[in-house]
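Trainee: Structure below; questions to follow.
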Amino acid sequence: MLLGAALLLSAPSALGQERSDAVLVLADDGALDDSAVHAIRNIAASELRKHGVVLAEDRRTAGVHPLDAELSTLALDLGARRVFALRIGGRLGQKIPLSLDELTPETLMPVHSASLTATGLDECDVVTARLVDAVLGGRSAESTAQMTTVTATESKPFAKKPGERFWFVGLPVALYNAGNTPTGFSLGYGYEAENFRISVTGAGYSRGSDGVAYVAMEAAWIPFATEISPYIGGGFGYMGAGGHGGLGGVIEGGLEAFRLHGVRALLGVQLAVPFFDTQENSGVTAIAHRGVYPAGFVRLAF
C-alpha cells in the first residue's frame with residue numbers, strides 16, 4: 001500500500017518533467033572574455049527555450065567543443081535529437097561575427113545555418129536572438145530584421161561611386177540657313193559620374209521663322225576620366241516645331257573640358273529630330289519646315 005501511494009505521488013512530478021531533446025554547444029569563443037562568451041551563450045539558450053526547445057543541462061556541454069566524433073557521442077548519450085552550435089568569430093575592429101548552426105546528432109551535418117555581424121558587444125543580444133529565429137524558422141538571418149532589431153551594419157548606407165549634380169546653361173546656334181540672326185537658349189539639370197551623364201534639358205533655337213523647342217531626358221557616355229574628354233549622347237522628349245508638337249529625339253556629341261574642376265565647359269553639335277510632320281498648312285499654301293534641326297552649342301556646367 002505504501003509503495004503504491006509513493007508511486008502515485010511521484011507520478012505527476014515525473015510526468016511534468018520534460019525530457020531534453022537538444023544540445024547547445026559553443027564551437028568557437030572568438031577569444032572574447034569569458035563573461036562576454038557566457039552571456040552570449042546564455043542569450044542563445046534562453047531564445048531557444050522561448051521557441052520550445054528543451055536543452056540538456058549537463059556540465060559536459062560547457063566550454064568550447066570542436067565539431068567532431070566526441071560531440072556526436074555526447075549528443076547521443078544525452079538523448080538529443082538536435083544539436084545547435086554557436087560560433088563567435090572574434091573581433092574585427094568593433095565587429096563581432098556570430099553564427100548558429102543546427103546539426104544532426106549522428107553525423108553533425110548542417111540542417112540550417114545563419115550568420116550576422118554585431119557592431120560591438122552591445123548588439124550581440126539582438127544578433128543572437130535573430131540567429132535563433134532564422135535557424136529555427138529555416139530562414140536567412142537578413143529576413144528576420146524588424147524596425148527594432150536592425151543592426152548597425154544593415155542600416156549603414158551603401159558605398160557609392162563618386163558623382164556630381166550640375167546645372168547646364170547653354171547657347172545653341174542653329175546651323176541651317178533660314179535668314180536672320182540665330183537665337184537660342186538651353187537650361188538643364190543632371191547627374192554626372194566618371195563615365196556617364198544623365199540629365200533633363202529644356203532648349204529652343206531658331207533662325208528666322210524656322211526653329212524648334214523641346215524638353216528631353218538625355219544620357220551621355222564619357223569615355224575618359226580626364227581633364228578633357230569627348231562624349232556622345234542622346235535622348236527623347238516632347239518637341240515643338242513648325243506649329244506642331246509631339247515626340248522627338250535629340251542626338252549630340254562634343255568635348256567636355258575642365259572635368260577635374262567644379263565648373264565645366266561643353267562644346268559640340270546636336271540634331272533635334274521631330275517624330276512628326278512639321279509642314280504648316282494655311283488652307284491656301286503649305287509651308288514646309290525642316291525635318292532635322294542641326295545646331296552647335298556652348299554650355300557651362302556648375
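Residues are referred to by chain and number: the chain letter is A, B, ... according to the order shown in the C-alpha cells, the number counts from 1 in that chain, and ligands are numbered separately from 1 in the order shown.
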Within 12 Å of Ile43 of chain A, counting only C-alpha atoms, which residues qualify if same-chain residues fewer than 3 places away don't, as a PyMOL selection string?

Mentor: chain A and resi 24+36-40+46-50+86+123-132

Trainee: Please dump the current selection as a PDB file, in the first residue's frame; keep N, CA and C atoms.

Mentor:
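Final file, again10.pdb:
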ATOM      1  N   LEU A  24      23.016  22.536 -26.837  1.00  0.00           N
ATOM      2  CA  LEU A  24      23.646  23.760 -27.326  1.00  0.00           C
ATOM      3  C   LEU A  24      25.098  23.760 -26.884  1.00  0.00           C
ATOM      4  N   ALA A  36      31.762  37.689 -21.449  1.00  0.00           N
ATOM      5  CA  ALA A  36      31.021  38.010 -22.673  1.00  0.00           C
ATOM      6  C   ALA A  36      30.559  36.737 -23.369  1.00  0.00           C
ATOM      7  N   VAL A  37      31.446  35.739 -23.436  1.00  0.00           N
ATOM      8  CA  VAL A  37      31.089  34.463 -24.064  1.00  0.00           C
ATOM      9  C   VAL A  37      29.939  33.809 -23.311  1.00  0.00           C
ATOM     10  N   HIS A  38      30.020  33.812 -21.982  1.00  0.00           N
ATOM     11  CA  HIS A  38      28.969  33.211 -21.154  1.00  0.00           C
ATOM     12  C   HIS A  38      27.631  33.914 -21.382  1.00  0.00           C
ATOM     13  N   ALA A  39      27.660  35.241 -21.487  1.00  0.00           N
ATOM     14  CA  ALA A  39      26.424  35.997 -21.696  1.00  0.00           C
ATOM     15  C   ALA A  39      25.811  35.688 -23.057  1.00  0.00           C
ATOM     16  N   ILE A  40      26.635  35.625 -24.099  1.00  0.00           N
ATOM     17  CA  ILE A  40      26.119  35.339 -25.444  1.00  0.00           C
ATOM     18  C   ILE A  40      25.519  33.939 -25.496  1.00  0.00           C
ATOM     19  N   SER A  46      18.465  30.915 -23.878  1.00  0.00           N
ATOM     20  CA  SER A  46      17.171  31.473 -23.492  1.00  0.00           C
ATOM     21  C   SER A  46      16.240  31.603 -24.694  1.00  0.00           C
ATOM     22  N   GLU A  47      16.774  32.060 -25.827  1.00  0.00           N
ATOM     23  CA  GLU A  47      15.944  32.211 -27.021  1.00  0.00           C
ATOM     24  C   GLU A  47      15.476  30.862 -27.549  1.00  0.00           C
ATOM     25  N   LEU A  48      16.327  29.849 -27.478  1.00  0.00           N
ATOM     26  CA  LEU A  48      15.913  28.510 -27.907  1.00  0.00           C
ATOM     27  C   LEU A  48      14.775  27.995 -27.036  1.00  0.00           C
ATOM     28  N   ARG A  49      14.873  28.216 -25.725  1.00  0.00           N
ATOM     29  CA  ARG A  49      13.805  27.766 -24.824  1.00  0.00           C
ATOM     30  C   ARG A  49      12.500  28.508 -25.096  1.00  0.00           C
ATOM     31  N   LYS A  50      12.595  29.798 -25.447  1.00  0.00           N
ATOM     32  CA  LYS A  50      11.385  30.553 -25.770  1.00  0.00           C
ATOM     33  C   LYS A  50      10.641  29.945 -26.954  1.00  0.00           C
ATOM     34  N   LEU A  86      27.023  27.239 -31.621  1.00  0.00           N
ATOM     35  CA  LEU A  86      27.172  28.692 -31.674  1.00  0.00           C
ATOM     36  C   LEU A  86      28.643  29.033 -31.891  1.00  0.00           C
ATOM     37  N   GLU A 123      25.441  44.850 -29.202  1.00  0.00           N
ATOM     38  CA  GLU A 123      24.499  44.397 -30.221  1.00  0.00           C
ATOM     39  C   GLU A 123      24.414  42.876 -30.292  1.00  0.00           C
ATOM     40  N   CYS A 124      25.220  42.175 -29.503  1.00  0.00           N
ATOM     41  CA  CYS A 124      25.252  40.714 -29.582  1.00  0.00           C
ATOM     42  C   CYS A 124      23.933  40.077 -29.153  1.00  0.00           C
ATOM     43  N   ASP A 125      23.214  40.703 -28.213  1.00  0.00           N
ATOM     44  CA  ASP A 125      21.951  40.112 -27.775  1.00  0.00           C
ATOM     45  C   ASP A 125      20.920  40.120 -28.897  1.00  0.00           C
ATOM     46  N   VAL A 126      20.829  41.242 -29.616  1.00  0.00           N
ATOM     47  CA  VAL A 126      19.879  41.339 -30.732  1.00  0.00           C
ATOM     48  C   VAL A 126      20.259  40.367 -31.842  1.00  0.00           C
ATOM     49  N   VAL A 127      21.545  40.312 -32.168  1.00  0.00           N
ATOM     50  CA  VAL A 127      22.007  39.442 -33.246  1.00  0.00           C
ATOM     51  C   VAL A 127      21.782  37.975 -32.891  1.00  0.00           C
ATOM     52  N   THR A 128      22.081  37.586 -31.652  1.00  0.00           N
ATOM     53  CA  THR A 128      21.902  36.191 -31.241  1.00  0.00           C
ATOM     54  C   THR A 128      20.434  35.784 -31.315  1.00  0.00           C
ATOM     55  N   ALA A 129      19.541  36.649 -30.864  1.00  0.00           N
ATOM     56  CA  ALA A 129      18.111  36.343 -30.929  1.00  0.00           C
ATOM     57  C   ALA A 129      17.650  36.172 -32.373  1.00  0.00           C
ATOM     58  N   ARG A 130      18.154  36.989 -33.274  1.00  0.00           N
ATOM     59  CA  ARG A 130      17.772  36.867 -34.682  1.00  0.00           C
ATOM     60  C   ARG A 130      18.331  35.596 -35.310  1.00  0.00           C
ATOM     61  N   LEU A 131      19.518  35.179 -34.888  1.00  0.00           N
ATOM     62  CA  LEU A 131      20.082  33.934 -35.407  1.00  0.00           C
ATOM     63  C   LEU A 131      19.225  32.738 -35.003  1.00  0.00           C
ATOM     64  N   VAL A 132      18.747  32.736 -33.771  1.00  0.00           N
ATOM     65  CA  VAL A 132      17.873  31.648 -33.320  1.00  0.00           C
ATOM     66  C   VAL A 132      16.582  31.638 -34.138  1.00  0.00           C
TER      67      VAL A 132
END

Trainee: I need the strand (DSSP E or B) residues of segment 222-252 of chain A per DSSP on the backbone, written as a compact mmCIF listing (two decimals) with C-alpha atoms, in the first residue's frame.

Mentor:
# COMPACT_ATOMS: atom_id res chain seq x y z
CA SER A 229 37.04 64.01 -72.86
CA PRO A 230 34.85 63.55 -75.92
CA TYR A 231 31.31 62.37 -75.33
CA ILE A 232 28.28 61.19 -77.28
CA GLY A 233 24.69 61.08 -76.14
CA GLY A 234 21.03 61.46 -76.94
CA GLY A 235 17.55 61.47 -75.55
CA PHE A 236 13.80 61.62 -76.08
CA GLY A 237 11.15 64.10 -75.10
CA TYR A 238 8.39 66.43 -76.17
CA MET A 239 9.20 68.73 -79.09
CA GLY A 240 7.55 71.61 -80.92
CA ALA A 241 8.38 72.68 -84.49
CA HIS A 244 3.11 71.25 -84.41
CA GLY A 245 4.11 69.26 -81.36
CA GLY A 246 4.86 65.68 -80.46
CA LEU A 247 7.62 63.29 -79.54
CA GLY A 248 11.11 63.85 -80.80
CA GLY A 249 14.71 62.82 -80.32
CA VAL A 250 17.98 64.62 -79.70
CA ILE A 251 21.44 63.38 -80.68
CA GLU A 252 24.61 65.21 -79.72

Trainee: Of the candidates A:Ala219, A:Val169, A:Ile96, A:Met147, which shows the shortest atom-to-atom distance to Ala31 of chain A, using only C-alpha atoms?

Mentor: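 With only C-alpha atoms as the atom set, the closest residue is A:Ile96.
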
Trainee: When DSSP works through the backbone of this structure, what residues of segment 65-198 of chain A end up as helix (DSSP H, G or I), shown as a tab-separated table (two decimals) with N, CA and C atoms, in the first residue's frame?

Mentor:
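What follows is the written file selection08.tsv:
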chain	number	residue	atom	x	y	z
A	69	ALA	N	33.70	13.68	-33.54
A	69	ALA	CA	33.00	12.46	-33.10
A	69	ALA	C	32.66	12.52	-31.61
A	70	GLU	N	33.49	13.17	-30.80
A	70	GLU	CA	33.20	13.25	-29.37
A	70	GLU	C	31.91	14.02	-29.11
A	71	LEU	N	31.68	15.09	-29.87
A	71	LEU	CA	30.45	15.85	-29.71
A	71	LEU	C	29.25	15.01	-30.13
A	72	SER	N	29.39	14.25	-31.21
A	72	SER	CA	28.30	13.39	-31.65
A	72	SER	C	27.97	12.34	-30.59
A	73	THR	N	29.01	11.76	-29.99
A	73	THR	CA	28.80	10.77	-28.94
A	73	THR	C	28.11	11.39	-27.73
A	74	LEU	N	28.54	12.61	-27.35
A	74	LEU	CA	27.92	13.30	-26.22
A	74	LEU	C	26.44	13.56	-26.48
A	75	ALA	N	26.12	14.03	-27.68
A	75	ALA	CA	24.72	14.32	-28.01
A	75	ALA	C	23.87	13.06	-27.94
A	76	LEU	N	24.40	11.95	-28.44
A	76	LEU	CA	23.64	10.70	-28.42
A	76	LEU	C	23.50	10.18	-26.99
A	77	ASP	N	24.54	10.36	-26.16
A	77	ASP	CA	24.45	9.94	-24.76
A	77	ASP	C	23.37	10.70	-24.01
A	121	LEU	N	29.79	44.54	-28.49
A	121	LEU	CA	29.12	43.60	-27.59
A	121	LEU	C	27.69	44.01	-27.30
A	122	ASP	N	27.40	45.31	-27.34
A	122	ASP	CA	26.05	45.77	-27.03
A	122	ASP	C	25.01	45.24	-28.01
A	123	GLU	N	25.44	44.85	-29.20
A	123	GLU	CA	24.50	44.40	-30.22
A	123	GLU	C	24.41	42.88	-30.29
A	124	CYS	N	25.22	42.17	-29.50
A	124	CYS	CA	25.25	40.71	-29.58
A	124	CYS	C	23.93	40.08	-29.15
A	125	ASP	N	23.21	40.70	-28.21
A	125	ASP	CA	21.95	40.11	-27.78
A	125	ASP	C	20.92	40.12	-28.90
A	126	VAL	N	20.83	41.24	-29.62
A	126	VAL	CA	19.88	41.34	-30.73
A	126	VAL	C	20.26	40.37	-31.84
A	127	VAL	N	21.55	40.31	-32.17
A	127	VAL	CA	22.01	39.44	-33.25
A	127	VAL	C	21.78	37.98	-32.89
A	128	THR	N	22.08	37.59	-31.65
A	128	THR	CA	21.90	36.19	-31.24
A	128	THR	C	20.43	35.78	-31.31
A	129	ALA	N	19.54	36.65	-30.86
A	129	ALA	CA	18.11	36.34	-30.93
A	129	ALA	C	17.65	36.17	-32.37
A	130	ARG	N	18.15	36.99	-33.27
A	130	ARG	CA	17.77	36.87	-34.68
A	130	ARG	C	18.33	35.60	-35.31
A	131	LEU	N	19.52	35.18	-34.89
A	131	LEU	CA	20.08	33.93	-35.41
A	131	LEU	C	19.23	32.74	-35.00
A	132	VAL	N	18.75	32.74	-33.77
A	132	VAL	CA	17.87	31.65	-33.32
A	132	VAL	C	16.58	31.64	-34.14
A	133	ASP	N	15.98	32.81	-34.35
A	133	ASP	CA	14.76	32.89	-35.16
A	133	ASP	C	15.00	32.35	-36.56
A	134	ALA	N	16.15	32.70	-37.14
A	134	ALA	CA	16.44	32.29	-38.51
A	134	ALA	C	16.64	30.78	-38.61
A	135	VAL	N	17.42	30.21	-37.70
A	135	VAL	CA	17.72	28.77	-37.77
A	135	VAL	C	16.47	27.94	-37.51
A	136	LEU	N	15.70	28.30	-36.49
A	136	LEU	CA	14.50	27.52	-36.18
A	136	LEU	C	13.43	27.70	-37.25
A	137	GLY	N	13.41	28.86	-37.90
A	137	GLY	CA	12.41	29.10	-38.94
A	137	GLY	C	12.87	28.71	-40.33
A	141	ALA	N	19.16	35.02	-42.01
A	141	ALA	CA	19.21	35.95	-40.89
A	141	ALA	C	18.73	37.33	-41.30
A	142	GLU	N	19.00	37.72	-42.55
A	142	GLU	CA	18.59	39.05	-43.02
A	142	GLU	C	17.08	39.21	-43.01
A	143	SER	N	16.34	38.12	-43.24
A	143	SER	CA	14.88	38.21	-43.32
A	143	SER	C	14.22	38.38	-41.96
A	144	THR	N	14.98	38.25	-40.87
A	144	THR	CA	14.41	38.38	-39.53
A	144	THR	C	14.45	39.81	-39.01
A	152	ALA	N	23.53	47.78	-36.86
A	152	ALA	CA	24.21	48.96	-37.39
A	152	ALA	C	24.80	48.69	-38.76
A	153	THR	N	25.28	47.46	-38.98
A	153	THR	CA	25.84	47.12	-40.29
A	153	THR	C	24.76	47.13	-41.37
A	154	GLU	N	23.57	46.62	-41.05
A	154	GLU	CA	22.48	46.58	-42.03
A	154	GLU	C	21.94	47.97	-42.33
A	155	SER	N	21.99	48.87	-41.35
A	155	SER	CA	21.44	50.21	-41.56
A	155	SER	C	22.45	51.17	-42.15

Trainee: Counting only C-alpha atoms, figure out which residue out of A:Pro182, A:Gly90, A:Gly52, A:Gly254 gets nearest to Leu266 of chain A.

Mentor: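 Comparing A:Pro182, A:Gly90, A:Gly52, A:Gly254 against Leu266 of chain A, the winner is A:Gly254.
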
Trainee: Can you work out which one of A:Asn177, A:Tyr191, A:Val263, A:Phe275 has the shortest atom-to-atom distance to Ala295 of chain A, counting only C-alpha atoms?

Mentor: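 Ranked by minimum distance to Ala295 of chain A, first place goes to A:Asn177.
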
Trainee: Between A:Pro110, A:Gly262, A:Pro105, A:Gly138, which is the closest to Arg165 of chain A once you count only C-alpha atoms?

Mentor: A:Gly262

Trainee: Between A:Ser20, A:Ser140, A:Ser206, A:Thr148, which has the minimum distance to Tyr176 of chain A (counting only C-alpha atoms)?

Mentor: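 So, comparing all the options, the nearest one is A:Ser206.
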
Trainee: How many Å separate atom CA of Ala213 of chain A from atom CA of Pro172 of chain A?

Mentor: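 According to the coordinates, atom CA of Ala213 of chain A and atom CA of Pro172 of chain A are separated by 11.1 Å.
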
Trainee: Between A:Tyr205, A:Gly242, A:Asp33, A:Gly296, which is the closest to Thr278 of chain A once you count only C-alpha atoms?

Mentor: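 Of all the options, A:Gly242 lies closest to Thr278 of chain A.
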